[in-house]
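Participant: What follows is a single structure, and I will ask about it in a moment.
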Amino acid sequence: MKDNKALTAHLAMFGACAGWGLMAPIGKDAMTHGFDGITMVTFRVVGACLLFWVASLFAPKEQVPMRDKLMFIGAAVFGLVCNQCCYTIGLSITSPINASIVTTSMPIFAMILSALILKEPITGKKALGVLMGCSGALILILTSAAHASDKVGDILGDLLCLFAQFSFALYLSLFNPLIRRYNVFTINKYMFSWATLLLLPFTFNHVSEVLAAPISVRTWWEVAYVVCIGTFFGYILTMIGQRTLRPTVVSVYNYVQPIVSVAASLLMGIGILKPTHALAVILVFSGVWLVTKSKSRKDMEKEKVTD
């Protein structure tokens, strides 16, 4: 039974990260054929909000006190509005390969914020991992600044995607106790509802203008993938994985995203793989691996007890 639960968690994380990896080139293609970043992120938030409300009708009912409902506002700001706005708009500017490589920096941000907020220790292995990851990100950004192409990359787009990872890491550090109290449908129902209320007043007119122009059926299918698979099912699968697997194991699955994204981008002809990209991938992956393999505060406390 335990093995089956672990297998389900592994398959869920692989499915979520593979879906997100494929979302980068698919979303990029949609944002070059009728949609733009603001319109796409609005569809992601509003569409997923509707799907989670429908799904919650069939999920176990949970009582959420007003204090927690209000706390979901902060979770929505960092976990959805800032995260999805920056990533989606960044993706519309830079290449899907760059956007996917940058997503692997999230565990590094999580490590730094955990040290500041949760008082997790920064070991030598963690520090080396951060240095390597930052070096990879710097190489990526400098390459983008030199070329400024949506196939090679764009420095503004890369920085937006980088800030998206910082925002999500901050969300994980600040709201982890809140997230553990409720099931996946309750959490996302409230988070996406608040995100919709915060986002829609600022984007409604812009989205209406974009939708006034003709949009191809192919683009609509790509948008449907981003909303349904990349957002709705992606958020469900990753929370299934997080309930069983250790955080270090969950972080390793970040590696799946750029692998899938690079392969799909090259096949679709919307990305170019340069030697500097390969170097950036090696540095970022190595940095993340060192960070996730380093000891946590609990590990150190257990060692002290054993000694």
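Residues are referred to by chain and number: the chain letter is A, B, ... according to the order shown in the structure tokens, the number counts from 1 in that chain, and ligands are numbered separately from 1 in the order shown.
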Give me the residues near stretch 43-54 of chain A as an NGL selection string, where near means some atom within 7 Å (using only C-alpha atoms) and where sequence neighbours in that chain fewer than 4 positions away do not count.

Facilitator: :A and (39 or 185 or 188-189 or 192-193 or 195-196 or 226-227 or 231-232)

Participant: Save the residues we just selected, all heavy atoms, as a compact mmCIF listing (two decimals), in the first residue's frame?

Facilitator:
# COMPACT_ATOMS: atom_id res chain seq x y z
N THR A 39 -3.32 38.66 -21.64
CA THR A 39 -4.52 37.88 -21.96
C THR A 39 -4.36 36.43 -21.52
O THR A 39 -5.28 35.84 -20.95
CB THR A 39 -4.80 37.93 -23.47
OG1 THR A 39 -4.87 39.30 -23.89
CG2 THR A 39 -6.12 37.24 -23.80
N PHE A 185 -8.46 21.09 -3.47
CA PHE A 185 -9.55 21.83 -4.11
C PHE A 185 -9.96 23.05 -3.28
O PHE A 185 -10.26 24.11 -3.83
CB PHE A 185 -10.75 20.90 -4.35
CG PHE A 185 -10.43 19.77 -5.27
CD1 PHE A 185 -10.21 18.49 -4.79
CD2 PHE A 185 -10.31 19.99 -6.64
CE1 PHE A 185 -9.90 17.44 -5.65
CE2 PHE A 185 -9.99 18.96 -7.51
CZ PHE A 185 -9.79 17.68 -7.01
N ASN A 188 -7.03 25.75 -3.72
CA ASN A 188 -7.00 26.41 -5.02
C ASN A 188 -8.28 27.16 -5.34
O ASN A 188 -8.26 28.17 -6.05
CB ASN A 188 -6.70 25.39 -6.12
CG ASN A 188 -5.25 24.96 -6.11
OD1 ASN A 188 -4.35 25.77 -6.28
ND2 ASN A 188 -4.99 23.68 -5.90
N LYS A 189 -9.40 26.70 -4.80
CA LYS A 189 -10.66 27.42 -5.00
C LYS A 189 -10.55 28.84 -4.45
O LYS A 189 -10.92 29.81 -5.13
CB LYS A 189 -11.80 26.66 -4.31
CG LYS A 189 -13.14 27.35 -4.38
CD LYS A 189 -14.22 26.50 -3.73
CE LYS A 189 -14.06 26.46 -2.22
NZ LYS A 189 -15.17 25.70 -1.57
N PHE A 192 -7.42 30.92 -6.29
CA PHE A 192 -7.74 31.39 -7.63
C PHE A 192 -8.89 32.39 -7.63
O PHE A 192 -8.97 33.26 -8.51
CB PHE A 192 -8.05 30.21 -8.55
CG PHE A 192 -6.82 29.56 -9.14
CD1 PHE A 192 -6.22 28.48 -8.52
CD2 PHE A 192 -6.25 30.05 -10.31
CE1 PHE A 192 -5.08 27.89 -9.04
CE2 PHE A 192 -5.11 29.47 -10.85
CZ PHE A 192 -4.52 28.39 -10.22
N SER A 193 -9.79 32.28 -6.65
CA SER A 193 -10.88 33.27 -6.54
C SER A 193 -10.33 34.65 -6.21
O SER A 193 -10.68 35.66 -6.84
CB SER A 193 -11.89 32.83 -5.48
OG SER A 193 -12.56 31.66 -5.87
N ALA A 195 -7.24 35.63 -6.66
CA ALA A 195 -6.41 36.07 -7.77
C ALA A 195 -7.26 36.67 -8.89
O ALA A 195 -6.88 37.67 -9.50
CB ALA A 195 -5.59 34.89 -8.31
N THR A 196 -8.42 36.06 -9.14
CA THR A 196 -9.33 36.59 -10.17
C THR A 196 -9.83 37.98 -9.80
O THR A 196 -9.85 38.89 -10.63
CB THR A 196 -10.53 35.63 -10.35
OG1 THR A 196 -10.05 34.37 -10.82
CG2 THR A 196 -11.52 36.20 -11.36
N VAL A 226 -3.01 25.22 -21.80
CA VAL A 226 -2.38 26.01 -20.73
C VAL A 226 -3.30 26.08 -19.51
O VAL A 226 -2.85 25.92 -18.37
CB VAL A 226 -2.03 27.42 -21.23
CG1 VAL A 226 -1.60 28.31 -20.07
CG2 VAL A 226 -0.93 27.35 -22.28
N VAL A 227 -4.59 26.31 -19.73
CA VAL A 227 -5.54 26.46 -18.63
C VAL A 227 -5.84 25.11 -17.96
O VAL A 227 -5.76 24.99 -16.73
CB VAL A 227 -6.86 27.10 -19.13
CG1 VAL A 227 -7.91 27.10 -18.02
CG2 VAL A 227 -6.60 28.53 -19.60
N THR A 231 -2.34 24.39 -15.84
CA THR A 231 -2.73 25.09 -14.61
C THR A 231 -3.59 24.21 -13.71
O THR A 231 -3.20 23.87 -12.60
CB THR A 231 -3.48 26.40 -14.96
OG1 THR A 231 -2.70 27.17 -15.88
CG2 THR A 231 -3.71 27.23 -13.70
N PHE A 232 -4.78 23.82 -14.18
CA PHE A 232 -5.72 23.06 -13.34
C PHE A 232 -5.14 21.72 -12.90
O PHE A 232 -4.96 21.46 -11.70
CB PHE A 232 -7.03 22.86 -14.10
CG PHE A 232 -8.05 22.06 -13.36
CD1 PHE A 232 -8.64 22.54 -12.20
CD2 PHE A 232 -8.43 20.80 -13.81
CE1 PHE A 232 -9.59 21.79 -11.51
CE2 PHE A 232 -9.37 20.05 -13.13
CZ PHE A 232 -9.96 20.55 -11.98

Participant: Could you tell me which of A:Ser92, A:Ala278, A:Asn183, A:Val260 comes closest to A:Val64 if we count only C-alpha atoms?

Facilitator: A:Asn183

Participant: Residues near A:Met13, anyone? I mean within 7 Å using only C-alpha atoms, not counting same-chain ones fewer than 2 positions away, as a PyMOL selection string.

Facilitator: chain A and resi 9-11+15-17+237-238+241+253

Participant: Between stretch 31-62 of chain A and stretch 76-87 of chain A, at 8 Å or less, what are the per-residue closest atom pairs and their distances in Å? Count only C-alpha atoms, order by chain and rising residue number, and return it as a tab-separated table.

Facilitator:
residue	atom	partner	partner_atom	distance
A:Gly37	CA	A:Cys85	CA	7.8
A:Ile38	CA	A:Cys85	CA	7.3
A:Val41	CA	A:Cys85	CA	5.9
A:Val45	CA	A:Leu80	CA	7.8

Participant: Using only C-alpha atoms, find the one residue out of A:Ala110, A:Met66, A:Met23, A:Met31 that sits nearest to A:Val210.

Facilitator: A:Met31

Participant: Env of A:Gly136: 7 Å cut, atoms = only C-alpha atoms, seq-sep filter 6 positions within chain, self excluded. Answer as a list in words.

Facilitator: Ala280, Val281, Leu283 and Val284 of chain A

Participant: Tell me, as a PyMOL selection string, which residues lie within 10 Å of A:Ile187, counting only C-alpha atoms; anything in the same chain fewer than 3 positions away does not count.

Facilitator: chain A and resi 52+56+64+69+72+75-76+178-184+190-192

Participant: Quote the spacing between atom CA of A:Leu170 and atom CA of A:Asp29 in Å to one decimal place.

Facilitator: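 Between atom CA of A:Leu170 and atom CA of A:Asp29 the gap is 29.4 Å.
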